[in-house]
$ cat target.tsv   # TSV, C-alpha atoms and all ligand atoms
chain	number	residue	atom	x	y	z
A	1384	MET	CA	33.95	-11.60	-34.95
A	1385	THR	CA	33.60	-15.21	-33.93
A	1386	HIS	CA	31.56	-17.06	-31.39
A	1387	HIS	CA	31.06	-20.73	-30.80
A	1388	THR	CA	27.60	-22.20	-30.38
A	1389	LEU	CA	26.71	-23.12	-26.80
A	1390	PRO	CA	24.97	-26.40	-25.94
A	1391	ARG	CA	21.20	-26.09	-25.42
A	1392	ASN	CA	19.32	-26.09	-22.08
A	1393	LEU	CA	22.08	-24.46	-20.03
A	1394	HIS	CA	21.24	-23.13	-16.57
A	1395	PRO	CA	20.85	-19.38	-15.97
A	1396	GLU	CA	24.15	-19.28	-14.00
A	1397	THR	CA	26.00	-20.64	-17.03
A	1398	LEU	CA	24.18	-18.36	-19.45
A	1399	ALA	CA	25.05	-15.37	-17.24
A	1400	VAL	CA	28.77	-15.86	-17.93
A	1401	ARG	CA	28.81	-17.74	-21.24
A	1402	GLU	CA	25.91	-16.46	-23.37
A	1403	ALA	CA	26.70	-13.84	-26.03
A	1404	VAL	CA	30.48	-13.98	-25.75
A	1405	GLU	CA	31.69	-12.67	-29.10
A	1406	ARG	CA	35.40	-12.29	-29.77
A	1407	SER	CA	37.23	-10.01	-32.18
A	1408	GLN	CA	40.30	-11.14	-34.14
A	1409	TRP	CA	42.35	-10.54	-30.94
A	1410	GLY	CA	40.60	-13.29	-29.01
A	1411	GLU	CA	39.98	-11.22	-25.88
A	1412	HIS	CA	38.60	-13.35	-23.01
A	1413	SER	CA	36.47	-10.65	-21.40
A	1414	GLU	CA	33.70	-9.06	-23.47
A	1415	ALA	CA	34.99	-6.12	-25.49
A	1416	LEU	CA	33.45	-2.67	-25.16
A	1417	TYR	CA	32.72	-1.28	-28.62
A	1418	LEU	CA	32.77	2.41	-27.80
A	1419	THR	CA	32.10	3.73	-31.28
A	1420	SER	CA	29.24	5.67	-32.80
A	1421	SER	CA	29.68	4.35	-36.34
A	1422	PHE	CA	31.28	1.44	-38.19
A	1423	VAL	CA	33.57	1.63	-41.25
A	1424	GLN	CA	32.25	-0.19	-44.32
A	1425	PRO	CA	34.61	-2.23	-46.51
A	1426	ASP	CA	33.20	-0.73	-49.72
A	1427	CYS	CA	30.18	1.18	-51.03
A	1428	ALA	CA	28.35	-1.87	-52.35
A	1429	THR	CA	28.51	-3.55	-48.89
A	1430	ALA	CA	27.41	-0.32	-47.24
A	1431	ALA	CA	24.42	-0.14	-49.59
A	1432	ARG	CA	23.38	-3.72	-48.76
A	1433	ARG	CA	23.76	-3.15	-45.00
A	1434	PHE	CA	21.79	0.10	-45.05
A	1435	ALA	CA	19.06	-1.69	-47.06
A	1436	ASN	CA	19.00	-4.49	-44.41
A	1437	GLU	CA	19.94	-7.00	-47.11
A	1438	GLU	CA	23.12	-8.03	-45.33
A	1439	ALA	CA	24.02	-8.30	-41.64
A	1440	GLY	CA	26.66	-5.85	-40.44
A	1441	TYR	CA	26.99	-2.91	-38.13
A	1442	THR	CA	26.58	0.64	-39.48
A	1443	TYR	CA	25.67	3.05	-36.67
A	1444	SER	CA	25.31	2.49	-32.92
A	1445	ARG	CA	21.74	3.82	-32.68
A	1446	THR	CA	20.76	1.05	-35.10
A	1447	ALA	CA	22.89	-1.68	-33.52
A	1448	ASN	CA	26.12	-2.07	-31.53
A	1449	PRO	CA	27.90	-5.36	-30.73
A	1450	THR	CA	28.24	-4.65	-26.98
A	1451	VAL	CA	24.56	-3.71	-26.75
A	1452	ALA	CA	23.64	-6.81	-28.78
A	1453	SER	CA	25.56	-9.02	-26.31
A	1454	PHE	CA	23.78	-7.42	-23.35
A	1455	GLU	CA	20.39	-7.97	-25.01
A	1456	GLN	CA	21.14	-11.56	-25.99
A	1457	ARG	CA	22.42	-12.49	-22.51
A	1458	LEU	CA	19.46	-10.95	-20.72
A	1459	ALA	CA	16.98	-12.64	-23.07
A	1460	ALA	CA	18.69	-16.00	-22.46
A	1461	MET	CA	18.49	-15.52	-18.69
A	1462	GLU	CA	14.82	-14.47	-18.83
A	1463	GLY	CA	14.00	-17.33	-21.21
A	1464	THR	CA	12.55	-15.05	-23.90
A	1465	GLU	CA	13.28	-14.97	-27.63
A	1466	CYS	CA	14.89	-11.55	-27.50
A	1467	ALA	CA	15.42	-8.29	-25.63
A	1468	VAL	CA	16.06	-4.65	-26.49
A	1469	GLY	CA	18.24	-2.41	-24.32
A	1470	THR	CA	17.02	1.08	-23.35
A	1471	SER	CA	18.58	4.19	-21.83
A	1472	THR	CA	16.91	3.62	-18.42
A	1473	GLY	CA	14.19	1.50	-16.85
A	1474	MET	CA	11.68	4.28	-17.52
A	1475	GLY	CA	12.90	4.33	-21.12
A	1476	ALA	CA	11.88	0.66	-21.34
A	1477	ILE	CA	8.39	1.43	-20.00
A	1478	LEU	CA	8.03	4.42	-22.38
A	1479	LEU	CA	9.15	2.24	-25.30
A	1480	MET	CA	6.52	-0.35	-24.35
A	1481	ALA	CA	3.78	2.29	-24.05
A	1482	LEU	CA	4.67	3.88	-27.41
A	1483	THR	CA	4.73	0.58	-29.28
A	1484	VAL	CA	2.10	-1.80	-27.91
A	1485	LEU	CA	-0.46	0.99	-27.22
A	1486	LYS	CA	-2.18	3.57	-29.39
A	1487	ALA	CA	-4.76	6.32	-28.86
A	1488	GLY	CA	-8.02	4.85	-27.55
A	1489	ASP	CA	-6.34	1.92	-25.78
A	1490	HIS	CA	-6.74	1.10	-22.11
A	1491	VAL	CA	-4.25	-0.30	-19.56
A	1492	VAL	CA	-4.88	-2.02	-16.22
A	1493	CYS	CA	-1.99	-1.43	-13.88
A	1494	SER	CA	-1.19	-2.13	-10.25
A	1495	GLN	CA	-1.53	0.94	-8.01
A	1496	SER	CA	1.70	-0.05	-6.22
A	1497	MET	CA	4.03	0.45	-9.21
A	1498	PHE	CA	7.24	2.45	-9.16
A	1499	GLY	CA	6.29	6.16	-8.76
A	1500	SER	CA	7.49	7.33	-12.18
A	1501	THR	CA	5.55	4.48	-13.83
A	1502	ILE	CA	2.34	5.75	-12.24
A	1503	ARG	CA	3.11	9.33	-13.35
A	1504	LEU	CA	3.98	8.21	-16.89
A	1505	LEU	CA	0.86	6.08	-17.43
A	1506	GLY	CA	-1.58	8.02	-15.27
A	1507	GLY	CA	-0.30	11.46	-16.35
A	1508	GLU	CA	1.83	11.89	-19.48
A	1509	MET	CA	0.23	9.15	-21.59
A	1510	VAL	CA	-3.29	10.57	-21.07
A	1511	ARG	CA	-2.39	13.36	-23.56
A	1512	PHE	CA	-1.86	10.64	-26.17
A	1513	GLY	CA	-5.32	9.18	-25.61
A	1514	ILE	CA	-4.16	6.22	-23.52
A	1515	GLU	CA	-6.18	5.57	-20.38
A	1516	THR	CA	-4.99	3.59	-17.34
A	1517	SER	CA	-6.98	2.10	-14.44
A	1518	PHE	CA	-5.00	1.45	-11.26
A	1519	VAL	CA	-6.03	-1.53	-9.12
A	1520	ALA	CA	-5.02	-3.20	-5.86
A	1521	GLN	CA	-1.92	-5.30	-6.54
A	1522	THR	CA	-2.95	-8.52	-4.79
A	1523	ASP	CA	-6.66	-8.60	-5.76
A	1524	VAL	CA	-7.10	-10.66	-8.96
A	1525	ALA	CA	-10.88	-9.91	-8.94
A	1526	ALA	CA	-10.11	-6.16	-9.06
A	1527	TRP	CA	-7.84	-6.68	-12.09
A	1528	LYS	CA	-10.61	-8.65	-13.79
A	1529	ALA	CA	-13.29	-6.07	-13.01
A	1530	ALA	CA	-11.13	-3.25	-14.48
A	1531	ILE	CA	-10.75	-4.92	-17.90
A	1532	ARG	CA	-12.66	-3.22	-20.76
A	1533	PRO	CA	-13.13	-4.18	-24.42
A	1534	ASN	CA	-10.27	-1.79	-25.36
A	1535	THR	CA	-7.83	-3.10	-22.70
A	1536	ARG	CA	-4.57	-3.96	-24.47
A	1537	LEU	CA	-2.14	-4.31	-21.58
A	1538	LEU	CA	-1.99	-5.50	-17.96
A	1539	PHE	CA	1.10	-4.21	-16.15
A	1540	ALA	CA	2.33	-5.44	-12.77
A	1541	GLU	CA	5.42	-5.23	-10.61
A	1542	THR	CA	6.22	-8.02	-8.18
A	1543	PRO	CA	7.34	-7.78	-5.46
A	1544	THR	CA	6.38	-4.12	-4.94
A	1545	ASN	CA	8.30	-1.27	-3.38
A	1546	PRO	CA	8.34	-0.79	-0.41
A	1547	LEU	CA	5.77	-3.22	1.06
A	1548	THR	CA	6.83	-6.32	-0.94
A	1549	ASP	CA	3.32	-7.23	-2.09
A	1550	LEU	CA	3.27	-9.93	-4.76
A	1551	CYS	CA	0.94	-10.65	-7.61
A	1552	ASP	CA	0.26	-14.07	-9.05
A	1553	ILE	CA	1.84	-13.78	-12.52
A	1554	GLU	CA	0.20	-16.95	-13.82
A	1555	ALA	CA	-3.28	-15.77	-12.80
A	1556	LEU	CA	-2.78	-12.33	-14.39
A	1557	ALA	CA	-1.39	-13.88	-17.59
A	1558	GLY	CA	-4.51	-16.07	-17.85
A	1559	LEU	CA	-6.70	-13.01	-17.34
A	1560	ALA	CA	-4.83	-10.92	-19.93
A	1561	HIS	CA	-4.84	-13.64	-22.56
A	1562	ALA	CA	-8.54	-14.43	-22.09
A	1563	HIS	CA	-9.21	-10.80	-23.08
A	1564	GLY	CA	-6.70	-10.56	-25.95
A	1565	ALA	CA	-4.38	-8.33	-23.92
A	1566	LEU	CA	-0.67	-8.62	-23.13
A	1567	LEU	CA	0.78	-9.03	-19.62
A	1568	ALA	CA	3.91	-7.02	-18.82
A	1569	VAL	CA	5.84	-7.60	-15.58
A	1570	ASP	CA	8.44	-5.20	-14.18
A	1571	ASN	CA	11.11	-7.64	-12.97
A	1572	SER	CA	13.63	-5.05	-11.69
A	1573	PHE	CA	13.18	-6.02	-8.02
A	1574	ALA	CA	13.48	-9.75	-8.55
A	1575	SER	CA	15.81	-10.28	-11.53
A	1576	PRO	CA	15.75	-13.54	-13.53
A	1577	VAL	CA	17.61	-15.23	-10.65
A	1578	LEU	CA	14.53	-14.96	-8.43
A	1579	GLN	CA	11.78	-15.06	-10.99
A	1580	ARG	CA	11.38	-15.59	-14.71
A	1581	PRO	CA	7.94	-14.15	-15.52
A	1582	ALA	CA	7.91	-15.66	-19.05
A	1583	ARG	CA	7.65	-19.12	-17.44
A	1584	PHE	CA	4.34	-18.05	-15.88
A	1585	GLY	CA	2.99	-16.63	-19.13
A	1586	ALA	CA	4.07	-12.96	-19.05
A	1587	ASP	CA	4.51	-11.56	-22.57
A	1588	LEU	CA	6.81	-8.62	-21.81
A	1589	ILE	CA	9.42	-8.33	-19.07
A	1590	ILE	CA	10.67	-4.88	-18.08
A	1591	HIS	CA	14.01	-4.21	-16.41
A	1592	SER	CA	15.54	-1.24	-14.72
A	1593	GLY	CA	19.10	-2.50	-15.13
A	1594	THR	CA	20.12	0.41	-12.91
A	1595	LYS	CA	19.23	-1.81	-9.95
A	1596	LEU	CA	20.24	-5.48	-9.78
A	1597	LEU	CA	21.76	-6.00	-13.24
A	1598	ASP	CA	24.45	-3.39	-12.64
A	1599	GLY	CA	24.37	-4.17	-8.92
A	1600	GLN	CA	27.07	-1.70	-8.02
A	1601	GLY	CA	25.22	1.57	-8.64
A	1602	ARG	CA	27.36	2.86	-11.51
A	1603	THR	CA	25.18	3.20	-14.58
A	1604	MET	CA	21.59	3.54	-15.74
A	1605	GLY	CA	19.94	1.32	-18.28
A	1606	GLY	CA	16.92	-0.83	-18.96
A	1607	ALA	CA	15.45	-3.46	-21.24
A	1608	VAL	CA	12.26	-5.05	-22.52
A	1609	CYS	CA	12.33	-8.83	-23.04
A	1610	GLY	CA	9.77	-10.85	-25.02
A	1611	SER	CA	8.98	-12.39	-28.39
A	1612	THR	CA	10.77	-11.62	-31.65
A	1613	ALA	CA	7.45	-10.52	-33.17
A	1614	VAL	CA	6.79	-7.80	-30.58
A	1615	VAL	CA	10.16	-6.94	-29.04
A	1616	ASP	CA	12.47	-7.20	-32.04
A	1617	LYS	CA	10.15	-6.34	-34.91
A	1618	ILE	CA	7.96	-3.65	-33.32
A	1619	MET	CA	10.01	-2.26	-30.41
A	1620	GLY	CA	13.38	-2.68	-32.12
A	1621	THR	CA	12.17	-0.84	-35.21
A	1622	PHE	CA	10.81	2.00	-33.07
A	1623	LEU	CA	14.05	2.12	-31.08
A	1624	ARG	CA	16.23	2.37	-34.17
A	1625	SER	CA	14.24	5.46	-35.22
A	1626	GLY	CA	13.33	6.82	-31.79
A	1627	GLY	CA	16.75	6.64	-30.14
A	1628	LEU	CA	15.85	5.40	-26.66
A	1629	ASN	CA	18.92	3.14	-26.79
A	1630	ILE	CA	21.20	2.08	-23.96
A	1631	ALA	CA	24.74	3.47	-24.35
A	1632	PRO	CA	27.38	0.81	-25.19
A	1633	PHE	CA	29.36	1.61	-22.02
A	1634	ASN	CA	26.29	1.12	-19.81
A	1635	ALA	CA	25.40	-2.10	-21.65
A	1636	TRP	CA	28.95	-3.37	-21.04
A	1637	VAL	CA	28.76	-2.60	-17.29
A	1638	MET	CA	25.47	-4.52	-17.08
A	1639	LEU	CA	26.79	-7.38	-19.21
A	1640	LYS	CA	29.63	-7.82	-16.71
A	1641	GLY	CA	27.24	-7.22	-13.77
A	1642	MET	CA	25.07	-10.12	-14.90
A	1643	GLU	CA	28.02	-12.49	-14.47
A	1644	THR	CA	27.77	-12.11	-10.68
A	1645	LEU	CA	24.00	-11.58	-10.51
A	1646	ALA	CA	23.11	-15.06	-9.24
A	1647	LEU	CA	25.79	-14.96	-6.52
A	1648	ARG	CA	24.80	-11.47	-5.42
A	1649	VAL	CA	21.04	-12.05	-5.39
A	1650	ARG	CA	21.37	-15.33	-3.45
A	1651	ALA	CA	23.73	-13.81	-0.87
A	1652	GLN	CA	21.65	-10.64	-0.53
A	1653	SER	CA	18.42	-12.66	-0.21
A	1654	ALA	CA	19.92	-14.91	2.47
A	1655	ALA	CA	21.15	-11.87	4.41
A	1656	ALA	CA	17.79	-10.11	4.00
A	1657	LEU	CA	15.97	-13.17	5.38
A	1658	GLU	CA	18.21	-13.31	8.45
A	1659	LEU	CA	17.88	-9.57	8.99
A	1660	ALA	CA	14.07	-9.84	8.60
A	1661	HIS	CA	13.93	-12.55	11.33
A	1662	TRP	CA	16.16	-10.44	13.57
A	1663	LEU	CA	13.99	-7.33	13.05
A	1664	GLU	CA	10.81	-9.33	13.68
A	1665	ALA	CA	12.19	-10.27	17.11
A	1666	HIS	CA	13.25	-6.71	17.98
A	1667	PRO	CA	10.99	-5.10	20.64
A	1668	ASN	CA	11.06	-1.68	18.92
A	1669	VAL	CA	9.94	-3.04	15.53
A	1670	THR	CA	6.18	-3.51	15.15
A	1671	ARG	CA	6.01	-5.14	11.73
A	1672	VAL	CA	8.35	-6.56	9.07
A	1673	TYR	CA	7.40	-6.86	5.39
A	1674	TYR	CA	9.42	-9.53	3.62
A	1675	PRO	CA	8.20	-12.31	1.26
A	1676	GLY	CA	10.72	-14.77	2.72
A	1677	LEU	CA	9.07	-14.60	6.17
A	1678	GLU	CA	6.33	-17.06	7.05
A	1679	SER	CA	4.35	-14.10	8.43
A	1680	HIS	CA	4.13	-12.60	4.92
A	1681	PRO	CA	0.55	-13.12	3.67
A	1682	GLN	CA	1.83	-14.33	0.27
A	1683	HIS	CA	4.78	-16.39	1.54
A	1684	ALA	CA	3.63	-19.56	-0.27
A	1685	LEU	CA	3.25	-17.71	-3.58
A	1686	ALA	CA	6.69	-16.11	-3.10
A	1687	MET	CA	8.38	-19.46	-2.55
A	1688	ARG	CA	6.70	-20.87	-5.66
A	1689	GLN	CA	7.15	-17.88	-7.95
A	1690	GLN	CA	10.50	-16.55	-6.70
A	1691	ASN	CA	12.67	-19.65	-6.73
A	1692	GLY	CA	12.33	-20.04	-2.96
A	1693	MET	CA	13.87	-16.65	-2.19
A	1694	GLY	CA	12.58	-13.38	-0.78
A	1695	GLY	CA	14.94	-11.02	-2.59
A	1696	PRO	CA	17.20	-8.26	-1.23
A	1697	VAL	CA	14.50	-5.73	-0.21
A	1698	LEU	CA	12.59	-5.63	3.09
A	1699	SER	CA	10.67	-2.97	5.00
A	1700	PHE	CA	9.70	-2.55	8.62
A	1701	ASP	CA	7.67	-0.28	10.92
A	1702	VAL	CA	9.38	1.21	13.96
A	1703	LEU	CA	7.57	1.61	17.30
A	1704	GLY	CA	5.85	4.94	18.00
A	1705	GLU	CA	2.51	6.69	18.46
A	1706	GLY	CA	1.10	9.19	16.01
A	1707	ALA	CA	2.59	10.34	12.71
A	1708	GLU	CA	5.03	12.80	14.26
A	1709	GLN	CA	6.68	10.40	16.69
A	1710	LEU	CA	6.74	7.60	14.11
A	1711	ARG	CA	8.54	9.85	11.64
A	1712	ALA	CA	11.00	11.06	14.30
A	1713	ASN	CA	11.74	7.47	15.32
A	1714	ALA	CA	12.23	6.31	11.72
A	1715	PHE	CA	14.55	9.26	11.03
A	1716	HIS	CA	16.46	8.43	14.25
A	1717	VAL	CA	17.06	4.82	13.16
A	1718	ALA	CA	18.21	5.81	9.64
A	1719	ASP	CA	20.29	8.78	10.83
A	1720	SER	CA	22.03	6.61	13.45
A	1721	THR	CA	23.46	4.26	10.82
A	1722	ARG	CA	27.11	4.68	9.81
A	1723	VAL	CA	27.43	1.72	7.45
A	1724	CYS	CA	24.13	1.87	5.52
A	1725	SER	CA	23.68	4.58	2.88
A	1726	ILE	CA	20.65	6.86	3.08
A	1727	THR	CA	19.68	6.73	-0.59
A	1728	ALA	CA	16.68	5.60	-2.57
A	1729	ASN	CA	18.64	3.26	-4.85
A	1730	LEU	CA	18.29	-0.48	-4.35
A	1731	GLY	CA	19.74	-3.79	-5.44
A	1732	ASP	CA	23.25	-2.48	-4.76
A	1733	VAL	CA	26.04	-4.42	-3.02
A	1734	LYS	CA	26.05	-1.52	-0.51
A	1735	THR	CA	23.09	-1.66	1.88
A	1736	THR	CA	20.71	1.28	1.45
A	1737	ILE	CA	18.06	2.61	3.84
A	1738	THR	CA	15.18	4.95	2.98
A	1739	HIS	CA	12.14	6.53	4.54
A	1740	PRO	CA	9.56	6.05	1.75
A	1741	ALA	CA	6.92	8.44	3.19
A	1742	SER	CA	9.28	11.44	2.81
A	1743	THR	CA	11.17	10.36	-0.36
A	1744	SER	CA	9.90	7.89	-2.99
A	1745	HIS	CA	6.29	8.28	-1.82
A	1746	GLY	CA	6.60	11.89	-0.59
A	1747	ARG	CA	4.42	13.32	-3.36
A	1748	LEU	CA	1.38	11.29	-2.30
A	1749	SER	CA	-1.17	12.90	-0.01
A	1750	GLU	CA	-1.37	11.58	3.57
A	1751	ASP	CA	-4.64	9.82	2.61
A	1752	GLN	CA	-3.11	8.17	-0.46
A	1753	ARG	CA	-0.15	7.07	1.62
A	1754	ARG	CA	-2.41	5.61	4.28
A	1755	ALA	CA	-4.39	3.75	1.59
A	1756	ALA	CA	-1.11	2.38	0.24
A	1757	GLY	CA	-0.09	1.32	3.76
A	1758	ILE	CA	3.03	3.47	3.81
A	1759	GLY	CA	3.19	4.98	7.30
A	1760	GLN	CA	5.58	7.56	8.75
A	1761	GLY	CA	7.26	4.81	10.79
A	1762	LEU	CA	8.18	2.70	7.74
A	1763	LEU	CA	11.80	2.17	6.67
A	1764	ARG	CA	12.94	0.24	3.61
A	1765	ILE	CA	16.25	-1.58	3.43
A	1766	SER	CA	17.91	-3.05	0.37
A	1767	VAL	CA	20.40	-5.50	1.84
A	1768	GLY	CA	23.89	-5.55	0.32
A	1769	LEU	CA	26.96	-7.68	0.89
A	1770	GLU	CA	28.32	-6.29	4.17
A	1771	HIS	CA	28.75	-8.69	7.12
A	1772	LEU	CA	25.38	-9.21	8.77
A	1773	ASP	CA	26.72	-8.53	12.28
A	1774	ASP	CA	27.84	-5.09	11.12
A	1775	LEU	CA	24.39	-4.36	9.67
A	1776	LYS	CA	22.64	-5.50	12.86
A	1777	ALA	CA	24.93	-3.31	14.96
A	1778	ASP	CA	24.30	-0.41	12.59
A	1779	LEU	CA	20.52	-0.73	12.97
A	1780	SER	CA	20.69	-1.45	16.71
A	1781	ARG	CA	22.35	1.91	17.33
A	1782	GLY	CA	19.08	3.68	16.54
A	1783	LEU	CA	16.56	0.93	17.30
A	1784	ASP	CA	17.84	0.41	20.86
A	1785	THR	CA	17.69	4.14	21.65
A	1786	LEU	CA	14.19	5.21	20.54
A	1787	SER	CA	12.59	7.89	22.70
B	1801	LIG	C1	14.08	2.14	-10.57
B	1801	LIG	C2	12.90	1.44	-11.12
B	1801	LIG	C3	12.36	1.79	-12.37
B	1801	LIG	C4	12.92	2.92	-13.20
B	1801	LIG	O1	14.20	2.64	-13.64
B	1801	LIG	P1	15.27	3.77	-14.01
B	1801	LIG	O2	16.43	2.99	-14.48
B	1801	LIG	O3	15.50	4.58	-12.78
B	1801	LIG	O4	14.64	4.61	-15.08
B	1801	LIG	C5	11.28	1.07	-12.84
B	1801	LIG	N1	10.74	0.06	-12.12
B	1801	LIG	C6	11.22	-0.30	-10.92
B	1801	LIG	C7	10.59	-1.42	-10.18
B	1801	LIG	C8	12.31	0.38	-10.37
B	1801	LIG	O5	12.77	0.02	-9.15
$ encode --input "target.tsv" --output "structure tokens"
Amino acid sequence: MTHHTLPRNLHPETLAVREAVERSQWGEHSEALYLTSSFVQPDCATAARRFANEEAGYTYSRTANPTVASFEQRLAAMEGTECAVGTSTGMGAILLMALTVLKAGDHVVCSQSMFGSTIRLLGGEMVRFGIETSFVAQTDVAAWKAAIRPNTRLLFAETPTNPLTDLCDIEALAGLAHAHGALLAVDNSFASPVLQRPARFGADLIIHSGTKLLDGQGRTMGGAVCGSTAVVDKIMGTFLRSGGLNIAPFNAWVMLKGMETLALRVRAQSAAALELAHWLEAHPNVTRVYYPGLESHPQHALAMRQQNGMGGPVLSFDVLGEGAEQLRANAFHVADSTRVCSITANLGDVKTTITHPASTSHGRLSEDQRRAAGIGQGLLRISVGLEHLDDLKADLSRGLDTLS
């Protein structure tokens, strides 16, 4: 295989299409998909050197695969980290992080507004392995600080959050983590490196659910952890080669190609989301809109600074109504009246999706927990896709204009 060396200091848009292009002897222009479990060795002596890690060369796809390597290299370049490792799913990336940077007796401080499975993994499953997690209010830096103990090894945040789009100040949390000898990990699935590159603000580990924006067209599942060679390649990569949490080559290839249009998609989806957020804010049957791109968002200034001036594709809003029952009926009416939007919990897709968090993604919480999290029965979340905005407005108007 051959590849030419790219000039240094290229922009993310250029890296997204040009980084990690490796060509076989055929000179294919588009990245090849190496759909093979093992690799044939030229002779036994070479095989022996490769298996002993004395010579570079592919042997077996759980250990390394050229398509997966291209995906990892491109994502790391876009995030501005030394390296990345690909995982089977986003949750696989979080599990890999927990099993490598933590051990029995360690403590984690984590936002209470993380993705639901993240909360169940850290607050539930990992407890059996002697790892304890404290959950704190996302936006309250003092609460993060107060939760830190001598055995705290990791701070873990997600910004912006689902579904209320709360931010955290990555730079402030990185300073806090490093002052206590801990690492800061940021789940960047909602933002992508187009909106925000957490490493620039001091984050040590960046988590991706590639299932969302990196694929962008809802086809495959995958994930990644980005960070330093010392932690991500040496420690996580070694674990991965034994533990088998790898991303499949086909999924890595879909994401590799998805990244080529990531910047275009995220910019167009963010611009559409901003316009839709303004339109919803002005609608008489909408009581509140949650979107970092709006000036009414309490952390608008931080969003503009941290997220490259964009709000991202995801917004939420409360429909008009009184009491839990009517609010829920009204929210269901708006979602059920759509004919363009998809009722599905996925996000970051080029197809606009609409969900009712209180009965789906946050349905397992008690009513009290939901109230504390600010997720009411009247709340709907939209991940804005690439449809024409007039069609989306008409789709939402059908239900919003006819509330009982
Ligand atoms: C979807 C999601 C995950 C989990 O990713 P999977 O690919 O579904 O395992 C983790 N974090 C965030 C923010 C997500 O949206």
$ closest_residue --input "target.tsv" --among "A:Ser1592, A:Ser1496, A:Thr1450, A:Ser1420" --to "Thr1542 in chain A" --atoms "all atoms listed in the file"
A:Ser1496
$ axis_aligned_box --input "target.tsv" --around "ligand LIG 1801 (chain B)" --padding-each-side "4 Å" --output "lines of an AutoDock Vina configuration file"
center_x = 13.5
center_y = 1.6
center_z = -12.1
size_x = 13.8
size_y = 14.0
size_z = 13.9
$ closest_residue --input "target.tsv" --among "A:Ala1428, A:Val1697, A:Leu1762, A:Val1672" --to "Gln1709 in chain A" --atoms "all atoms listed in the file"
A:Leu1762
$ residues_around --input "target.tsv" --residues "Gly1488 in chain A" --least-positions-apart "2" --cutoff "7 Å" --atoms "only C-alpha atoms" --output "list in words"
Lys1486, His1490, Gly1513 and Ile1514 of chain A
$ closest_residue --input "target.tsv" --among "A:Ile1590, A:Ala1520, A:Leu1479, A:Ala1582" --to "ligand LIG 1801 (chain B)" --atoms "all atoms listed in the file"
A:Ile1590
$ residues_near_ligand --input "target.tsv" --ligand "ligand LIG 1801 (chain B)" --cutoff "7 Å" --atoms "only C-alpha atoms and all ligand atoms" --output "short mmCIF file (atom, residue, chain, number, x, y, z; two decimals) with C-alpha atoms, in the coordinates of the input"
data_model
loop_
_atom_site.label_atom_id
_atom_site.label_comp_id
_atom_site.auth_asym_id
_atom_site.auth_seq_id
_atom_site.Cartn_x
_atom_site.Cartn_y
_atom_site.Cartn_z
CA THR A 1472 16.91 3.62 -18.42
CA GLY A 1473 14.19 1.50 -16.85
CA MET A 1474 11.68 4.28 -17.52
CA GLY A 1475 12.90 4.33 -21.12
CA MET A 1497 4.03 0.45 -9.21
CA PHE A 1498 7.24 2.45 -9.16
CA THR A 1501 5.55 4.48 -13.83
CA GLU A 1541 5.42 -5.23 -10.61
CA ASP A 1570 8.44 -5.20 -14.18
CA ASN A 1571 11.11 -7.64 -12.97
CA SER A 1572 13.63 -5.05 -11.69
CA PHE A 1573 13.18 -6.02 -8.02
CA HIS A 1591 14.01 -4.21 -16.41
CA SER A 1592 15.54 -1.24 -14.72
CA GLY A 1593 19.10 -2.50 -15.13
CA THR A 1594 20.12 0.41 -12.91
CA LYS A 1595 19.23 -1.81 -9.95
CA MET A 1604 21.59 3.54 -15.74
CA GLY A 1605 19.94 1.32 -18.28
CA GLY A 1606 16.92 -0.83 -18.96
#
$ atom_distance --input "target.tsv" --atom1 "CA of Tyr1417 in chain A" --atom2 "CA of Arg1624 in chain A"
17.8 Å
$ closest_residue --input "target.tsv" --among "A:Ala1718, A:Ile1726, A:Val1404, A:Leu1578" --to "Gly1692 in chain A" --atoms "all atoms listed in the file"
A:Leu1578
$ atom_distance --input "target.tsv" --atom1 "CA of Arg1650 in chain A" --atom2 "CA of Arg1671 in chain A"
23.9 Å
$ residues_around --input "target.tsv" --residues "Ser1611 in chain A" --least-positions-apart "6" --cutoff "9 Å" --atoms "only C-alpha atoms" --output "CSV table (one decimal) with C-alpha atoms, in the coordinates of the input"
chain,number,residue,atom,x,y,z
A,1464,THR,CA,12.6,-15.0,-23.9
A,1465,GLU,CA,13.3,-15.0,-27.6
A,1466,CYS,CA,14.9,-11.6,-27.5
A,1467,ALA,CA,15.4,-8.3,-25.6
A,1587,ASP,CA,4.5,-11.6,-22.6
A,1588,LEU,CA,6.8,-8.6,-21.8
A,1617,LYS,CA,10.2,-6.3,-34.9
$ closest_residue --input "target.tsv" --among "A:Thr1397, A:Ser1625, A:Asn1545, A:Thr1419" --to "Leu1698 in chain A" --atoms "all atoms listed in the file"
A:Asn1545
